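Asker: Hey, dropping structure.cif in here, mmCIF, C-alpha atoms (C1' of nucleotides):
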data_data
loop_
_atom_site.label_atom_id
_atom_site.label_comp_id
_atom_site.auth_asym_id
_atom_site.auth_seq_id
_atom_site.Cartn_x
_atom_site.Cartn_y
_atom_site.Cartn_z
CA MET A 825 244.66 60.00 -77.95
CA TYR A 826 241.52 62.03 -78.39
CA GLY A 827 243.71 64.99 -79.13
CA THR A 828 241.87 67.69 -80.93
CA ALA A 829 239.24 68.86 -78.48
CA ARG A 830 238.96 69.62 -74.78
CA SER A 831 238.26 66.52 -72.78
CA GLU A 832 234.52 66.64 -72.36
CA TRP A 833 234.19 62.99 -71.59
CA ARG A 834 236.09 60.44 -69.63
CA THR A 835 238.67 58.17 -71.09
CA THR A 836 237.71 54.65 -70.17
CA PRO A 837 239.03 51.25 -71.22
CA ARG A 838 235.90 50.42 -73.26
CA ARG A 839 236.04 53.64 -75.19
CA ALA A 840 239.69 53.14 -75.94
CA ALA A 841 238.92 49.60 -77.08
CA VAL A 842 236.13 50.76 -79.37
CA LEU A 843 238.34 53.39 -80.91
CA GLU A 844 241.16 50.92 -81.38
CA ALA A 845 238.88 48.34 -82.97
CA LEU A 846 237.58 51.00 -85.30
CA HIS A 847 241.07 51.83 -86.44
CA ALA A 848 241.82 48.16 -86.91
CA CYS A 849 239.05 47.87 -89.51
CA ASP A 850 239.47 48.47 -93.20
CA GLY A 851 236.84 50.86 -94.38
CA PHE A 852 233.41 51.37 -92.97
CA VAL A 853 231.94 49.22 -90.20
CA SER A 854 228.54 49.16 -88.60
CA ALA A 855 228.12 49.46 -84.86
CA GLN A 856 226.86 45.91 -84.78
CA SER A 857 229.82 44.36 -86.56
CA LEU A 858 232.23 46.45 -84.54
CA HIS A 859 230.61 45.07 -81.41
CA THR A 860 230.85 41.54 -82.75
CA ALA A 861 234.50 42.07 -83.60
CA LEU A 862 235.23 43.33 -80.11
CA VAL A 863 233.47 40.47 -78.39
CA THR A 864 235.14 37.94 -80.68
CA ASP A 865 238.41 39.55 -79.76
CA GLY A 866 237.72 38.88 -76.14
CA VAL A 867 236.85 42.45 -75.19
CA ALA A 868 233.82 42.42 -72.92
CA VAL A 869 231.80 45.40 -74.06
CA GLY A 870 228.09 45.99 -74.35
CA LEU A 871 226.31 46.90 -77.54
CA SER A 872 224.98 50.07 -75.94
CA THR A 873 228.47 51.21 -75.14
CA VAL A 874 229.57 50.72 -78.72
CA TYR A 875 226.66 52.79 -79.94
CA ARG A 876 227.24 55.48 -77.33
CA THR A 877 230.94 55.66 -78.05
CA LEU A 878 230.41 55.93 -81.77
CA ARG A 879 227.98 58.75 -81.17
CA LEU A 880 230.56 60.54 -79.06
CA LEU A 881 233.20 60.06 -81.69
CA GLU A 882 230.82 61.33 -84.32
CA ALA A 883 229.94 64.40 -82.28
CA ALA A 884 233.62 65.05 -81.65
CA GLY A 885 234.35 64.79 -85.37
CA HIS A 886 236.63 61.80 -85.05
CA VAL A 887 234.72 59.55 -87.42
CA ASP A 888 233.09 59.80 -90.82
CA VAL A 889 229.68 58.26 -91.27
CA VAL A 890 227.81 56.92 -94.25
CA ARG A 891 224.32 55.51 -94.24
CA ASP A 892 223.09 52.44 -95.99
CA SER A 893 221.51 53.47 -99.26
CA ASP A 894 218.42 51.30 -98.86
CA GLY A 895 215.65 51.74 -96.39
CA ASP A 896 216.74 51.21 -92.83
CA GLY A 897 219.35 53.90 -92.55
CA GLU A 898 221.98 51.68 -90.99
CA ARG A 899 225.12 53.66 -90.20
CA PHE A 900 228.71 52.81 -91.03
CA TYR A 901 231.67 54.39 -89.33
CA ARG A 902 235.26 55.02 -90.29
CA PRO A 903 238.01 56.88 -88.44
CA ARG A 904 238.44 60.33 -89.90
CA PRO A 905 241.91 61.21 -91.19
CA ASP A 906 243.78 63.82 -89.16
CA ASP A 907 243.69 66.33 -91.96
CA GLY A 908 239.95 66.76 -91.99
CA HIS A 909 236.78 65.03 -93.00
CA ARG A 910 236.34 63.17 -96.24
CA HIS A 911 233.66 62.03 -98.61
CA TYR A 912 233.51 58.58 -100.09
CA LEU A 913 232.61 56.74 -103.24
CA VAL A 914 231.14 53.40 -102.25
CA CYS A 915 230.41 50.40 -104.46
CA ARG A 916 226.81 49.29 -104.13
CA GLU A 917 227.73 45.68 -104.73
CA CYS A 918 230.84 44.95 -102.73
CA GLY A 919 231.14 47.87 -100.35
CA LEU A 920 234.55 48.94 -101.60
CA SER A 921 234.95 52.55 -100.48
CA LEU A 922 237.34 55.21 -101.68
CA ALA A 923 237.93 58.60 -100.16
CA VAL A 924 237.62 61.26 -102.83
CA GLU A 925 239.03 64.73 -103.18
CA SER A 926 236.26 67.17 -102.33
CA GLU A 927 237.67 70.67 -101.97
CA GLU A 928 235.46 71.84 -104.78
CA VAL A 929 232.42 70.73 -102.83
CA GLU A 930 233.67 72.27 -99.59
CA ARG A 931 234.00 75.59 -101.35
CA TRP A 932 230.57 75.20 -102.91
CA VAL A 933 229.02 74.53 -99.51
CA ALA A 934 230.71 77.56 -98.01
CA ARG A 935 229.47 79.75 -100.82
CA ILE A 936 225.89 78.51 -100.59
CA ALA A 937 225.86 79.02 -96.83
CA ARG A 938 227.20 82.54 -97.18
CA ASP A 939 224.85 83.50 -100.02
CA ILE A 940 221.74 82.25 -98.32
CA GLY A 941 222.73 83.40 -94.86
CA PHE A 942 222.42 80.19 -92.87
CA HIS A 943 224.62 79.66 -89.84
CA SER A 944 226.55 76.52 -88.88
CA VAL A 945 225.95 74.74 -92.15
CA ASP A 946 226.88 71.07 -92.15
CA HIS A 947 226.94 68.91 -95.23
CA THR A 948 226.51 65.28 -96.12
CA VAL A 949 227.82 64.00 -99.43
CA GLU A 950 227.66 60.35 -100.41
CA LEU A 951 228.52 58.80 -103.73
CA THR A 952 227.46 55.27 -104.62
CA GLY A 953 228.18 53.34 -107.78
CA MET A 954 229.53 50.12 -109.21
CA CYS A 955 233.23 49.49 -109.06
CA ASP A 956 235.27 47.87 -111.77
CA GLY A 957 235.05 44.40 -110.28
CA CYS A 958 231.26 44.51 -110.13
CA ARG A 959 230.47 44.99 -113.78
CA PRO A 960 226.99 46.14 -114.71
CA GLY A 961 226.41 43.23 -117.13
CA PRO A 962 222.71 42.34 -116.82
CA VAL A 963 223.59 38.66 -116.80
CA ASP A 964 226.35 36.99 -114.83
CA ARG A 965 226.43 39.55 -112.03
CA ARG A 966 227.20 37.94 -108.72
CA PRO A 967 227.21 39.60 -105.32
CA HIS A 968 230.72 40.24 -104.12
CA PRO A 969 231.68 37.87 -101.31
CA ALA A 970 233.57 40.51 -99.37
CA GLY A 971 230.47 42.31 -98.20
CA ARG A 972 230.48 46.02 -97.54
CA ALA A 973 233.70 46.43 -95.68
CA ARG A 974 236.80 47.21 -97.68
CA VAL A 975 238.40 50.55 -98.24
CA VAL A 976 241.41 51.86 -100.12
CA MET B 1499 200.30 62.91 -114.97
CA TYR B 1500 203.30 60.66 -114.52
CA GLY B 1501 204.57 61.94 -117.84
CA THR B 1502 208.27 61.38 -118.16
CA ALA B 1503 208.64 57.63 -118.29
CA ARG B 1504 206.97 54.65 -119.89
CA SER B 1505 203.97 53.47 -117.87
CA GLU B 1506 205.41 50.64 -115.85
CA TRP B 1507 202.75 50.77 -113.21
CA ARG B 1508 199.03 51.26 -113.07
CA THR B 1509 197.41 54.55 -112.44
CA THR B 1510 195.04 54.10 -109.58
CA PRO B 1511 192.95 56.51 -107.50
CA ARG B 1512 195.11 56.02 -104.39
CA ARG B 1513 198.31 56.73 -106.22
CA ALA B 1514 196.85 59.82 -107.76
CA ALA B 1515 195.68 60.93 -104.34
CA VAL B 1516 199.10 60.38 -102.79
CA LEU B 1517 200.78 62.36 -105.54
CA GLU B 1518 198.26 65.14 -105.21
CA ALA B 1519 198.66 65.30 -101.45
CA LEU B 1520 202.40 65.44 -101.89
CA HIS B 1521 202.09 68.41 -104.22
CA ALA B 1522 199.73 70.09 -101.79
CA CYS B 1523 202.41 70.11 -99.09
CA ASP B 1524 204.94 72.85 -98.62
CA GLY B 1525 208.38 71.36 -98.45
CA PHE B 1526 209.32 67.94 -97.22
CA VAL B 1527 206.87 65.49 -95.67
CA SER B 1528 207.31 62.11 -94.13
CA ALA B 1529 205.33 59.11 -95.33
CA GLN B 1530 203.57 59.03 -91.99
CA SER B 1531 202.40 62.63 -92.01
CA LEU B 1532 201.39 62.34 -95.63
CA HIS B 1533 199.25 59.38 -94.68
CA THR B 1534 197.76 61.28 -91.77
CA ALA B 1535 197.01 64.23 -94.03
CA LEU B 1536 195.29 61.97 -96.53
CA VAL B 1537 193.15 60.24 -93.93
CA THR B 1538 192.26 63.55 -92.29
CA ASP B 1539 191.25 64.75 -95.73
CA GLY B 1540 188.82 61.88 -96.00
CA VAL B 1541 190.87 59.82 -98.43
CA ALA B 1542 190.76 56.18 -97.37
CA VAL B 1543 194.26 54.92 -98.00
CA GLY B 1544 196.46 52.48 -96.16
CA LEU B 1545 199.86 53.31 -94.76
CA SER B 1546 201.46 50.57 -96.83
CA THR B 1547 200.10 52.10 -99.99
CA VAL B 1548 201.57 55.47 -99.12
CA TYR B 1549 204.97 53.88 -98.54
CA ARG B 1550 204.75 51.83 -101.72
CA THR B 1551 203.69 54.80 -103.79
CA LEU B 1552 206.47 56.98 -102.45
CA ARG B 1553 208.93 54.25 -103.31
CA LEU B 1554 207.59 54.13 -106.84
CA LEU B 1555 207.81 57.88 -107.17
CA GLU B 1556 211.34 57.81 -105.83
CA ALA B 1557 212.39 55.07 -108.24
CA ALA B 1558 210.78 56.96 -111.10
CA GLY B 1559 212.65 60.11 -110.10
CA HIS B 1560 209.54 62.12 -109.38
CA VAL B 1561 210.45 63.01 -105.82
CA ASP B 1562 213.48 64.22 -103.94
CA VAL B 1563 214.29 62.63 -100.62
CA VAL B 1564 216.15 63.81 -97.55
CA ARG B 1565 216.80 61.82 -94.44
CA ASP B 1566 216.45 62.97 -90.89
CA SER B 1567 219.85 64.01 -89.62
CA ASP B 1568 219.54 62.22 -86.28
CA GLY B 1569 219.51 58.52 -85.70
CA ASP B 1570 216.50 56.83 -87.18
CA GLY B 1571 216.92 57.73 -90.80
CA GLU B 1572 213.35 58.85 -91.29
CA ARG B 1573 212.71 59.90 -94.88
CA PHE B 1574 211.10 63.08 -96.12
CA TYR B 1575 209.71 63.51 -99.61
CA ARG B 1576 209.17 66.45 -101.87
CA PRO B 1577 207.96 66.58 -105.49
CA ARG B 1578 210.92 67.08 -107.79
CA PRO B 1579 210.79 70.09 -110.11
CA ASP B 1580 210.34 69.27 -113.79
CA ASP B 1581 213.78 70.52 -114.68
CA GLY B 1582 215.70 67.93 -112.74
CA HIS B 1583 216.65 66.93 -109.25
CA ARG B 1584 217.71 69.37 -106.58
CA HIS B 1585 219.62 69.56 -103.38
CA TYR B 1586 218.37 71.36 -100.32
CA LEU B 1587 219.54 73.48 -97.45
CA VAL B 1588 217.41 72.63 -94.44
CA CYS B 1589 217.17 74.47 -91.14
CA ARG B 1590 217.85 72.16 -88.23
CA GLU B 1591 215.45 74.06 -86.00
CA CYS B 1592 212.38 74.85 -88.02
CA GLY B 1593 212.65 72.62 -91.07
CA LEU B 1594 212.62 75.49 -93.53
CA SER B 1595 214.08 74.05 -96.72
CA LEU B 1596 215.48 75.83 -99.75
CA ALA B 1597 216.48 74.29 -103.05
CA VAL B 1598 220.00 75.36 -103.94
CA GLU B 1599 221.85 75.68 -107.20
CA SER B 1600 224.11 72.66 -107.52
CA GLU B 1601 225.53 72.47 -111.02
CA GLU B 1602 229.02 72.76 -109.61
CA VAL B 1603 228.43 69.64 -107.53
CA GLU B 1604 226.89 67.76 -110.43
CA ARG B 1605 229.99 68.43 -112.48
CA TRP B 1606 232.21 67.40 -109.59
CA VAL B 1607 230.36 64.12 -109.21
CA ALA B 1608 230.65 63.38 -112.91
CA ARG B 1609 234.37 64.08 -112.85
CA ILE B 1610 234.99 61.90 -109.79
CA ALA B 1611 233.03 59.03 -111.32
CA ARG B 1612 234.94 59.31 -114.58
CA ASP B 1613 238.35 59.60 -112.93
CA ILE B 1614 237.86 56.65 -110.63
CA GLY B 1615 236.05 54.51 -113.14
CA PHE B 1616 232.88 53.65 -111.28
CA HIS B 1617 229.67 53.03 -113.21
CA SER B 1618 226.18 54.34 -112.45
CA VAL B 1619 227.29 56.76 -109.78
CA ASP B 1620 224.48 58.26 -107.73
CA HIS B 1621 224.96 61.06 -105.25
CA THR B 1622 223.35 62.33 -102.10
CA VAL B 1623 223.98 65.87 -100.96
CA GLU B 1624 222.30 67.36 -97.93
CA LEU B 1625 222.98 70.68 -96.28
CA THR B 1626 221.71 71.49 -92.79
CA GLY B 1627 222.11 74.69 -90.84
CA MET B 1628 220.32 77.37 -88.90
CA CYS B 1629 218.20 79.83 -90.79
CA ASP B 1630 217.93 83.51 -90.02
CA GLY B 1631 214.87 83.16 -87.84
CA CYS B 1632 216.49 80.54 -85.63
CA ARG B 1633 219.44 82.51 -84.30
CA PRO B 1634 222.25 80.60 -82.63
CA GLY B 1635 222.05 82.66 -79.41
CA PRO B 1636 222.97 80.27 -76.57
CA VAL B 1637 220.17 81.68 -74.45
CA ASP B 1638 216.65 82.47 -75.55
CA ARG B 1639 216.56 79.93 -78.35
CA ARG B 1640 213.15 78.42 -78.70
CA PRO B 1641 212.14 75.60 -81.01
CA HIS B 1642 210.26 76.90 -83.99
CA PRO B 1643 206.55 76.13 -83.73
CA ALA B 1644 206.22 75.30 -87.39
CA GLY B 1645 208.06 72.03 -87.13
CA ARG B 1646 210.07 70.69 -90.01
CA ALA B 1647 207.73 71.33 -92.85
CA ARG B 1648 208.12 74.60 -94.72
CA VAL B 1649 209.87 75.22 -97.97
CA VAL B 1650 210.47 78.19 -100.24
"C1'" DC C 743 182.75 40.55 -120.25
"C1'" DA C 744 186.17 37.21 -118.42
"C1'" DG C 745 190.81 36.36 -116.83
"C1'" DT C 746 194.82 37.66 -114.74
"C1'" DA C 747 198.43 40.34 -113.10
"C1'" DT C 748 198.73 43.88 -110.14
"C1'" DA C 749 197.19 47.00 -106.25
"C1'" DC C 750 195.26 47.34 -101.74
"C1'" DG C 751 194.85 47.31 -96.57
"C1'" DA C 752 195.06 45.36 -91.98
"C1'" DC C 753 198.23 43.49 -89.29
"C1'" DA C 754 202.44 41.20 -88.08
"C1'" DA C 755 207.31 41.25 -88.48
"C1'" DT C 756 211.80 43.44 -88.88
"C1'" DG C 757 215.85 45.35 -87.08
"C1'" DA C 758 218.90 48.96 -86.04
"C1'" DT C 759 219.11 52.17 -82.51
"C1'" DT C 760 217.76 54.17 -78.01
"C1'" DT C 761 216.18 54.08 -73.33
"C1'" DT C 762 215.92 52.31 -68.74
"C1'" DC C 763 217.75 51.59 -64.51
"C1'" DA C 764 220.52 49.26 -61.32
"C1'" DT C 765 225.39 48.85 -60.68
"C1'" DG C 766 230.35 49.87 -61.46
"C1'" DT C 767 234.11 53.24 -61.90
"C1'" DG C 768 237.07 57.53 -63.28
"C1'" DC C 769 238.65 61.51 -61.22
"C1'" DG C 770 238.77 65.79 -58.60
"C1'" DG C 771 238.98 67.43 -54.06
"C1'" DT C 772 240.63 66.66 -49.37
"C1'" DA D 916 245.32 57.25 -50.27
"C1'" DC D 917 240.35 58.00 -49.51
"C1'" DC D 918 235.57 59.86 -50.50
"C1'" DG D 919 231.95 61.20 -53.08
"C1'" DC D 920 229.51 61.87 -56.94
"C1'" DA D 921 228.78 62.49 -61.54
"C1'" DC D 922 229.35 59.87 -65.23
"C1'" DA D 923 229.92 55.20 -67.59
"C1'" DT D 924 228.22 50.52 -68.32
"C1'" DG D 925 225.31 46.62 -69.82
"C1'" DA D 926 221.28 43.55 -70.07
"C1'" DA D 927 217.00 43.79 -71.40
"C1'" DA D 928 212.99 46.25 -72.90
"C1'" DA D 929 211.21 49.90 -75.71
"C1'" DT D 930 210.97 52.60 -79.94
"C1'" DC D 931 209.43 53.29 -84.42
"C1'" DA D 932 209.80 53.98 -89.24
"C1'" DT D 933 209.54 50.80 -92.64
"C1'" DT D 934 208.67 46.33 -94.92
"C1'" DG D 935 206.54 41.73 -95.46
"C1'" DT D 936 202.32 38.77 -95.57
"C1'" DC D 937 198.30 37.35 -97.49
"C1'" DG D 938 193.54 37.39 -98.57
"C1'" DT D 939 190.65 40.45 -101.21
"C1'" DA D 940 189.70 44.04 -104.68
"C1'" DT D 941 190.41 46.21 -108.94
"C1'" DA D 942 192.71 47.97 -113.36
"C1'" DC D 943 193.67 46.53 -117.81
"C1'" DT D 944 194.09 43.11 -121.97
"C1'" DG D 945 191.90 40.52 -125.34
#
With the file now loaded, output its structure as structure tokens.

Answerer:
Amino acid sequence: MYGTARSEWRTTPRRAAVLEALHACDGFVSAQSLHTALVTDGVAVGLSTVYRTLRLLEAAGHVDVVRDSDGDGERFYRPRPDDGHRHYLVCRECGLSLAVESEEVERWVARIARDIGFHSVDHTVELTGMCDGCRPGPVDRRPHPAGRARVV
Amino acid sequence: MYGTARSEWRTTPRRAAVLEALHACDGFVSAQSLHTALVTDGVAVGLSTVYRTLRLLEAAGHVDVVRDSDGDGERFYRPRPDDGHRHYLVCRECGLSLAVESEEVERWVARIARDIGFHSVDHTVELTGMCDGCRPGPVDRRPHPAGRARVV
DNA sequence: CAGTATACGACAATGATTTTCATGTGCGGT
DNA sequence: ACCGCACATGAAAATCATTGTCGTATACTG
């Protein structure tokens, strides 16, 4: 199930449950809401374990992460597609998130790293905007009821 | 001094001091260390004011911001060059940060936004790696004494 | 120079994430 | 199967940058 890398950590029921719950979500979820979802679903799992598991998944490259644009740096997780990591365009109002094609950026990163001579260069790219349904009209704008959860 | 935009906020001694202190720093600084530097320098200024001023500067586009790569999402500020915003390649070990040429990415962002039809698309791009002086040798690696502060 | 909207600072509050530590459990070796 | 131990777990406390509160001070308008 964890496939790509050597097994550096144990496979336990909780971790499997966290991973499964993550896959069951549309789009990005926070650790907190993932925990809530699990508990609601009848899975007895501690908040710490959810956080720890998400960290493991992140370190292993199995999830993509975006951070809340405003202050507190809350993190949202999403299972990473098998064919490599992605970058996302997220609506500031309703949380709709779309994976975007980013080969151009990947090449740019590689070139910068090579030119400057840094090793092990990682990159973070986040795009935020307003989707079609959340028009920028200065009047009549209402917060989208769906919250920041959906993905396409 | 604030030049580019209409004066939407008062020019006060504290704000001038914060901006000056920011320019006096090499590379990125956190709000906390900027405050410490100010106080050490004999400038009586509250922490809240430093935070508020940095927020104003950020909103006005006068500073660039990067966020700590690990958990807490701490923010680091740097005066933005006059000719527009920049993206940075930051060394994970010593904090050395270099502004990189990013026109390719700017164009990519514009194209994505246009193709997908989002409005007011903002982007965040952060590159982290290991600079020349912080070799990846598995043994003998020592944390750089300079901390995460320098820039070129 | 007065009036008022804004800025200021000390301190409390926030809130996601991490740590602690006592207890439970996967898994390799026998 | 059984042991042993390193690792996993969770409840609660700790962390800590950042933001809110609110009474006071000060910049700016007329």

Asker: Give as a list of chain:residue names every residue, naming chains and numbers as the document does, that has an atom within 10 Å of (229.8, 48.6, -63.3), counting only C-alpha atoms (C1' of nucleotides).

Answerer: C:DA764, C:DT765, C:DG766, C:DT767, D:DA923, D:DT924, D:DG925

Asker: Enter the distance from atom CA of A:Asp939 to atom CA of B:Asp1566, in Å, rounded to one decimal.

Answerer: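 Atom CA of B:Asp1566 lies 24.0 Å from atom CA of A:Asp939.
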
Asker: Can you tell me which residues surround D:DC937 at a distance of at most 12 Å, considering all atoms listed in the file, apart from same-chain residues fewer than 3 positions away, and format the answer as an mmCIF file with C-alpha atoms (C1' of nucleotides), keeping the file's coordinate frame?

Answerer:
data_model
loop_
_atom_site.group_PDB
_atom_site.id
_atom_site.type_symbol
_atom_site.label_atom_id
_atom_site.label_comp_id
_atom_site.auth_asym_id
_atom_site.auth_seq_id
_atom_site.Cartn_x
_atom_site.Cartn_y
_atom_site.Cartn_z
ATOM 1 C "C1'" DC C 750 195.260 47.340 -101.740
ATOM 2 C "C1'" DG C 751 194.850 47.310 -96.570
ATOM 3 C "C1'" DA C 752 195.060 45.360 -91.980
ATOM 4 C "C1'" DC C 753 198.230 43.490 -89.290
ATOM 5 C "C1'" DA C 754 202.440 41.200 -88.080
#

Asker: With all atoms listed in the file considered, list every residue of chain A at most 9 Å from chain D, as number ranges by chain.

Answerer: A: 833-834, 836, 869-873, 895-896

Asker: For the structure provided, state which residues fall under the PyMOL selection byres ((chain A and resi 880-888) around 9), and present them as a PyMOL selection string.

Answerer: chain A and resi 826+828-829+833+843+852+875-879+889-890+900-906+908-911

Asker: Please produce, as a Markdown table, a per-residue contact table for chain B versus chain A (criterion: any atom at most 6 Å away, only C-alpha atoms considered), showing the nearest atom pair and its distance in Å to one decimal, sorted by chain then residue number.

Answerer:
| residue | atom | partner | partner_atom | distance |
| --- | --- | --- | --- | --- |
| B:Gly1571 | CA | A:Gly897 | CA | 4.9 |
| B:Phe1616 | CA | A:Cys955 | CA | 4.7 |
| B:His1617 | CA | A:Met954 | CA | 4.9 |
| B:Ser1618 | CA | A:Gly953 | CA | 5.2 |
| B:Val1619 | CA | A:Gly953 | CA | 4.1 |
| B:Asp1620 | CA | A:Thr952 | CA | 5.2 |
| B:His1621 | CA | A:Leu951 | CA | 4.5 |
| B:Thr1622 | CA | A:Glu950 | CA | 5.0 |
| B:Val1623 | CA | A:Val949 | CA | 4.5 |
| B:Glu1624 | CA | A:Thr948 | CA | 5.0 |
| B:Leu1625 | CA | A:His947 | CA | 4.5 |
| B:Thr1626 | CA | A:Asp946 | CA | 5.2 |
| B:Gly1627 | CA | A:Val945 | CA | 4.1 |
| B:Met1628 | CA | A:His943 | CA | 5.0 |
| B:Cys1629 | CA | A:Phe942 | CA | 4.7 |

Asker: Please, what distance in Å, to one decimal, runs between atom CA of B:His1533 and atom CA of B:Ala1519?

Answerer: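 For atom CA of B:His1533 relative to atom CA of B:Ala1519, the distance reads 9.0 Å.
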
Asker: In Å to one decimal, how far is atom CA of B:Cys1523 from atom CA of B:Ser1595?

Answerer: 12.5 Å

Asker: Using all atoms listed in the file, find which residues of chain C lie within 12 Å of chain A and jot them down as a compact mmCIF listing (two decimals) with C-alpha atoms (C1' of nucleotides), in the coordinates of the input.

Answerer:
# COMPACT_ATOMS: atom_id res chain seq x y z
C1' DT C 756 211.80 43.44 -88.88
C1' DG C 757 215.85 45.35 -87.08
C1' DA C 758 218.90 48.96 -86.04
C1' DT C 759 219.11 52.17 -82.51
C1' DT C 760 217.76 54.17 -78.01
C1' DT C 761 216.18 54.08 -73.33
C1' DT C 762 215.92 52.31 -68.74
C1' DT C 767 234.11 53.24 -61.90
C1' DG C 768 237.07 57.53 -63.28
C1' DC C 769 238.65 61.51 -61.22

Asker: So, with all atoms listed in the file as the atoms that count, which of B:Val1548, B:Cys1592, B:Val1527, B:Ala1535 lies closest to B:Ala1514?

Answerer: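 Between B:Val1548, B:Cys1592, B:Val1527, B:Ala1535, the residue approaching B:Ala1514 most closely is B:Val1548.
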
Asker: Looking at all atoms listed in the file, which of B:Arg1513, B:Asp1524, B:Ala1597, B:Glu1506 is the one that sits closest to C:DA749?

Answerer: B:Arg1513
